[in-house]
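Have a look at the structure below before the remarks.
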Amino acid sequence: MNTVNLGSGVQTCFVSNQATRSRSIPIPRSSTFGPFKRFGLPVVAFPTKSRPVSSVPLISSVLTREDTIKEEEQDPQKPTFDFKSYMVQKANSVNQALDAAVSLREPLKIHEAMRYSLLAGGKRVRPVLCIAACELVGGHESTAMPAACAVEMIHTMSLIHDDLPCMDNDDLRRGKPTNHKVFGEDIAVLAGDALLSFAFEHMSASTIGVTPERIVRAVGELAKSIGTEGLVAGQVVDISSEGLADVGLDHLEFIHIHKTAVLLECSVVLGAILGGGSDEEVEKLRTFARNIGLLFQVVDDILDVTKSSQELGKTAGKDLVSDKATYPKLMGIEKSKQFAERLKNNAVEQLQGFDMDKAAPLIALANYIAYRQN
């Protein structure tokens, strides 16, 4: 059974990216996100220190060794949260559920292709976010698991399609040959299509103990997140922007909010809805997820130019080779780093008012996304 690889380091190394690519198209003026408008971040100067969040339990596994020792010396009785064990346990549960949901059956070839990418490992951040949000508002892992699997199926679909020659034309994903390299482009397209459709079937048919109204609401959230107001919108604008030299921050943010962040946001919102969260709780968690969703991409842009393909498990340096607009390229390394830190802190602030013990996994996930190494 595949398990999650979290790594031990948390300090991301930032180096300059000299890439400059684009081919821009107009983006909707009504974009509800703006890195400096929605999150209140000035374009030129960022504060060097972030506002601390009170009453947050120590997340020892996402701190440096020095910080951990320092914290424990200050308050040796302070409770710790074992983030690595939590992620391994949850990821194993998700892997088992995915294995059971997409079994090997006729037609064999399409199910082999679906399982090849779906069970290829990965950190399972999206399904774990779904489960953690559900548990935070009083729900149970079993309640969220079908939705968590559905989100991972759709995420896997997006990776299969993204790797195709007509899209990013990538040969490596999660350290293995991409789906179309193993099964051919035709089967890869169909495997992605099958995962997309089955995700909705699985979530709607397998979720137990939740009112029909909440299931319908969750289905609507998931559908919206991957359509022309979500994932597809981000992909289209991204493709249409290739070769342009005038891509600005608002344009870049539109792409990443819709292409990457929206599915992370949906994961959290689904968990909150199915777990019985109030409208206020759902919206607070939505804002939390928007911040970490954009944070994920800011860090991804930096890792692309600071890590090797072996370290990342996918082709490194693609942004540089394709002269692609990235946060480091448009903002500079230091401001990108400060932007990421601010997004992380903005996310954690949304968890104020929740039970901090139950919020510990989400706080740790925010830290992990900020300081991940792959």
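Here, A, B, ... name the chains of the structure tokens in the order displayed, residue numbers run from 1 inside each chain, and ligands are numbered from 1 in the same displayed order.
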Can you pull out every residue within 9 Å of segment 177-179 of chain A, counting only C-alpha atoms, but drop anything in the same chain fewer than 6 positions away, and send it as a list in words?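 After dropping sequence-adjacent residues, the list is Ala113, Met114, Tyr116, Ser117, Leu159, Ile160, His161, Asp163, Leu164, Asp170, Asp171, Glu185, Ile187, Ala188 and Ala191 of chain A.
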Could you pull out the residues in segment 77-286 of chain A that DSSP calls alpha helix (DSSP H) from the backbone, as a tab-separated table (two decimals) with C-alpha atoms, in the first residue's frame?
```
chain	number	residue	atom	x	y	z
A	83	PHE	CA	1.63	15.73	12.02
A	84	LYS	CA	3.69	13.12	10.20
A	85	SER	CA	1.90	10.23	11.89
A	86	TYR	CA	-1.45	11.91	11.25
A	87	MET	CA	-0.70	12.32	7.53
A	88	VAL	CA	0.59	8.78	7.15
A	89	GLN	CA	-2.47	7.34	8.89
A	90	LYS	CA	-4.94	9.44	6.90
A	91	ALA	CA	-3.12	8.87	3.61
A	92	ASN	CA	-3.14	5.11	4.19
A	93	SER	CA	-6.89	5.24	4.91
A	94	VAL	CA	-7.44	7.22	1.71
A	95	ASN	CA	-5.28	4.80	-0.31
A	96	GLN	CA	-7.27	1.84	0.98
A	97	ALA	CA	-10.55	3.57	0.15
A	98	LEU	CA	-9.36	4.47	-3.36
A	99	ASP	CA	-8.14	0.91	-3.95
A	100	ALA	CA	-11.54	-0.44	-2.95
A	101	ALA	CA	-13.51	2.16	-4.89
A	108	LEU	CA	-9.42	-4.33	-17.65
A	109	LYS	CA	-7.36	-1.87	-19.63
A	110	ILE	CA	-9.29	1.25	-18.63
A	111	HIS	CA	-9.38	0.24	-14.97
A	112	GLU	CA	-5.66	-0.53	-15.05
A	113	ALA	CA	-5.04	2.95	-16.45
A	114	MET	CA	-7.29	4.58	-13.83
A	115	ARG	CA	-5.59	2.70	-11.00
A	116	TYR	CA	-2.09	3.32	-12.39
A	117	SER	CA	-2.36	7.06	-11.79
A	118	LEU	CA	-4.83	7.05	-8.91
A	125	VAL	CA	-3.21	16.65	0.66
A	126	ARG	CA	-6.66	17.27	-0.84
A	127	PRO	CA	-8.44	14.28	0.68
A	128	VAL	CA	-6.74	14.86	4.03
A	129	LEU	CA	-7.95	18.48	3.97
A	130	CYS	CA	-11.47	17.21	3.32
A	131	ILE	CA	-11.33	14.78	6.23
A	132	ALA	CA	-9.72	17.28	8.61
A	133	ALA	CA	-12.36	19.92	7.84
A	134	CYS	CA	-15.14	17.39	8.40
A	135	GLU	CA	-13.69	16.36	11.76
A	136	LEU	CA	-13.17	20.00	12.77
A	141	GLU	CA	-13.65	10.39	8.76
A	142	SER	CA	-16.06	7.81	7.36
A	143	THR	CA	-18.53	10.55	6.49
A	144	ALA	CA	-15.97	12.52	4.50
A	145	MET	CA	-14.14	9.60	2.88
A	146	PRO	CA	-16.27	9.28	-0.29
A	147	ALA	CA	-15.92	13.00	-0.95
A	148	ALA	CA	-12.20	12.84	-0.14
A	149	CYS	CA	-11.80	10.05	-2.68
A	150	ALA	CA	-13.87	11.96	-5.23
A	151	VAL	CA	-11.60	14.99	-4.94
A	152	GLU	CA	-8.51	12.81	-5.40
A	153	MET	CA	-10.06	11.12	-8.44
A	154	ILE	CA	-10.69	14.51	-10.02
A	155	HIS	CA	-7.23	15.74	-9.09
A	156	THR	CA	-5.75	12.62	-10.70
A	157	MET	CA	-7.86	13.22	-13.81
A	158	SER	CA	-6.45	16.73	-14.07
A	159	LEU	CA	-2.90	15.39	-13.80
A	160	ILE	CA	-3.45	12.74	-16.49
A	161	HIS	CA	-4.90	15.31	-18.87
A	162	ASP	CA	-2.35	17.97	-17.94
A	179	ASN	CA	-0.26	7.71	-17.98
A	180	HIS	CA	-0.15	8.29	-21.73
A	181	LYS	CA	3.42	7.02	-21.88
A	182	VAL	CA	2.27	3.69	-20.47
A	183	PHE	CA	-1.23	3.26	-21.93
A	185	GLU	CA	-2.93	8.95	-25.37
A	186	ASP	CA	-6.35	7.52	-26.21
A	187	ILE	CA	-6.61	5.40	-23.07
A	188	ALA	CA	-5.15	8.21	-20.93
A	189	VAL	CA	-7.89	10.59	-22.07
A	190	LEU	CA	-10.55	7.99	-21.33
A	191	ALA	CA	-9.03	7.12	-17.95
A	192	GLY	CA	-9.27	10.76	-16.94
A	193	ASP	CA	-12.84	10.96	-18.21
A	194	ALA	CA	-13.77	7.83	-16.27
A	195	LEU	CA	-12.27	9.15	-13.04
A	196	LEU	CA	-14.15	12.42	-13.44
A	197	SER	CA	-17.54	10.80	-13.90
A	198	PHE	CA	-16.99	8.14	-11.25
A	199	ALA	CA	-16.01	10.78	-8.69
A	200	PHE	CA	-19.55	12.16	-8.67
A	201	GLU	CA	-21.12	8.71	-8.65
A	202	HIS	CA	-18.96	7.60	-5.74
A	203	MET	CA	-19.55	10.68	-3.59
A	204	SER	CA	-23.31	10.75	-4.14
A	205	ALA	CA	-23.85	7.00	-3.73
A	206	SER	CA	-21.39	6.15	-0.96
A	212	PRO	CA	-29.77	14.67	0.82
A	213	GLU	CA	-29.71	18.48	0.92
A	214	ARG	CA	-26.10	18.54	2.07
A	215	ILE	CA	-25.05	15.91	-0.48
A	216	VAL	CA	-26.65	17.91	-3.30
A	217	ARG	CA	-24.91	21.05	-2.02
A	218	ALA	CA	-21.59	19.20	-1.98
A	219	VAL	CA	-22.11	17.90	-5.52
A	220	GLY	CA	-22.78	21.46	-6.67
A	221	GLU	CA	-19.60	22.73	-5.01
A	222	LEU	CA	-17.50	20.01	-6.63
A	223	ALA	CA	-19.00	20.55	-10.08
A	224	LYS	CA	-18.48	24.31	-9.93
A	225	SER	CA	-14.86	23.93	-8.81
A	226	ILE	CA	-13.85	21.99	-11.93
A	231	LEU	CA	-10.30	24.29	-12.97
A	232	VAL	CA	-11.22	24.54	-16.66
A	233	ALA	CA	-11.12	28.34	-16.53
A	234	GLY	CA	-7.63	28.26	-15.07
A	235	GLN	CA	-6.43	25.75	-17.66
A	236	VAL	CA	-7.85	27.74	-20.59
A	237	VAL	CA	-6.34	31.05	-19.49
A	238	ASP	CA	-3.03	29.31	-18.76
A	239	ILE	CA	-2.87	27.77	-22.24
A	240	SER	CA	-3.93	31.02	-23.90
A	249	LEU	CA	0.11	39.46	-11.09
A	250	ASP	CA	-3.69	39.65	-11.41
A	251	HIS	CA	-3.53	37.50	-14.53
A	252	LEU	CA	-1.16	34.99	-12.91
A	253	GLU	CA	-3.30	34.82	-9.81
A	254	PHE	CA	-6.45	34.16	-11.84
A	255	ILE	CA	-4.74	31.17	-13.43
A	256	HIS	CA	-3.50	29.69	-10.18
A	262	VAL	CA	-9.97	25.95	-6.34
A	263	LEU	CA	-9.74	22.18	-5.83
A	264	LEU	CA	-7.96	22.63	-2.49
A	265	GLU	CA	-10.73	25.04	-1.48
A	266	CYS	CA	-13.38	22.58	-2.61
A	267	SER	CA	-11.78	19.79	-0.58
A	268	VAL	CA	-12.13	21.78	2.63
A	269	VAL	CA	-15.63	23.06	1.83
A	270	LEU	CA	-16.90	19.56	1.04
A	271	GLY	CA	-15.63	18.28	4.37
A	272	ALA	CA	-17.25	21.16	6.24
A	273	ILE	CA	-20.60	20.74	4.48
A	274	LEU	CA	-20.78	16.97	4.89
A	279	ASP	CA	-22.82	28.43	7.04
A	280	GLU	CA	-20.43	30.62	9.04
A	281	GLU	CA	-18.05	27.72	9.67
A	282	VAL	CA	-18.13	26.70	6.01
A	283	GLU	CA	-17.27	30.22	4.86
A	284	LYS	CA	-14.44	30.61	7.37
A	285	LEU	CA	-12.98	27.35	6.18
A	286	ARG	CA	-13.48	28.42	2.57
```
Near Leu351 of chain A, counting only C-alpha atoms, which residues have an atom at most 8 Å away, once you skip same-chain residues fewer than 3 positions from it, shown as a list in words?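 Counting only the stated atoms, we get Lys284, Leu285, Phe288, Ala347, Val348, Phe354, Met356 and Ala359 of chain A.
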Expected file: the selected residues, all heavy atoms, as a short mmCIF file (atom, residue, chain, number, x, y, z; two decimals), in the first residue's frame:
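Saved the output as part.cif:
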```
data_model
loop_
_atom_site.label_atom_id
_atom_site.label_comp_id
_atom_site.auth_asym_id
_atom_site.auth_seq_id
_atom_site.Cartn_x
_atom_site.Cartn_y
_atom_site.Cartn_z
N LYS A 284 -15.75 30.39 6.76
CA LYS A 284 -14.44 30.61 7.37
C LYS A 284 -13.42 29.61 6.84
O LYS A 284 -12.28 29.95 6.53
CB LYS A 284 -14.53 30.51 8.90
CG LYS A 284 -15.20 31.69 9.57
CD LYS A 284 -15.12 31.60 11.08
CE LYS A 284 -13.71 31.87 11.59
NZ LYS A 284 -13.63 31.95 13.06
N LEU A 285 -13.87 28.38 6.70
CA LEU A 285 -12.98 27.35 6.18
C LEU A 285 -12.72 27.54 4.69
O LEU A 285 -11.64 27.21 4.19
CB LEU A 285 -13.56 25.96 6.47
CG LEU A 285 -13.49 25.56 7.94
CD1 LEU A 285 -14.29 24.29 8.22
CD2 LEU A 285 -12.03 25.37 8.38
N PHE A 288 -9.98 30.07 4.62
CA PHE A 288 -8.75 29.36 4.99
C PHE A 288 -8.18 28.64 3.78
O PHE A 288 -6.99 28.75 3.46
CB PHE A 288 -9.07 28.36 6.11
CG PHE A 288 -8.02 27.28 6.29
CD1 PHE A 288 -6.89 27.51 7.06
CD2 PHE A 288 -8.18 26.03 5.69
CE1 PHE A 288 -5.92 26.53 7.23
CE2 PHE A 288 -7.21 25.04 5.85
CZ PHE A 288 -6.08 25.29 6.62
N ALA A 347 -4.35 32.26 6.50
CA ALA A 347 -5.13 31.02 6.55
C ALA A 347 -5.36 30.59 7.99
O ALA A 347 -6.49 30.30 8.41
CB ALA A 347 -4.42 29.93 5.77
N VAL A 348 -4.29 30.55 8.77
CA VAL A 348 -4.39 30.08 10.16
C VAL A 348 -5.29 30.98 10.98
O VAL A 348 -6.01 30.51 11.87
CB VAL A 348 -2.98 29.97 10.78
CG1 VAL A 348 -3.06 29.62 12.26
CG2 VAL A 348 -2.16 28.90 10.05
N PHE A 354 -12.40 28.11 16.43
CA PHE A 354 -12.61 26.66 16.41
C PHE A 354 -11.84 26.03 17.58
O PHE A 354 -10.96 26.65 18.16
CB PHE A 354 -12.11 26.05 15.10
CG PHE A 354 -12.95 26.35 13.90
CD1 PHE A 354 -12.58 27.35 13.01
CD2 PHE A 354 -14.12 25.64 13.65
CE1 PHE A 354 -13.35 27.63 11.88
CE2 PHE A 354 -14.90 25.91 12.54
CZ PHE A 354 -14.51 26.91 11.65
N MET A 356 -9.03 24.40 19.07
CA MET A 356 -7.67 24.37 18.56
C MET A 356 -7.08 22.96 18.47
O MET A 356 -6.21 22.70 17.64
CB MET A 356 -6.77 25.27 19.41
CG MET A 356 -6.91 26.74 19.10
SD MET A 356 -6.30 27.19 17.43
CE MET A 356 -7.85 27.39 16.53
N ALA A 359 -8.42 21.74 15.31
CA ALA A 359 -7.87 22.53 14.21
C ALA A 359 -6.40 22.22 13.94
O ALA A 359 -5.85 22.63 12.91
CB ALA A 359 -8.03 24.02 14.49
#
```
When you draw a straight line from atom CA of Tyr368 of chain A to atom CA of His140 of chain A, how long is it in Å?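 A separation of 22.8 Å between them.
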Name the residues in contact with segment 291-298 of chain A at a cut-off of 9 Å, using only C-alpha atoms, excluding same-chain residues fewer than 3 positions from it; report them as an MDAnalysis selection string. chainID A and resid 35 39 253 256:257 260:265 286:288 301:303 326:328 336:337 339:347 365:366 369:370
Out of segment 108-270 of chain A, which residues get strand (DSSP E or B) from DSSP, as a PDB file with C-alpha atoms, in the first residue's frame?
```pdb
ATOM      1  CA  LEU A 172       7.125  12.035 -15.551  1.00  0.00           C
ATOM      2  CA  ARG A 173       4.581  12.221 -12.738  1.00  0.00           C
ATOM      3  CA  LYS A 176       6.788   7.333 -12.751  1.00  0.00           C
ATOM      4  CA  PRO A 177       6.133   7.547 -16.495  1.00  0.00           C
TER       5      PRO A 177
END
```
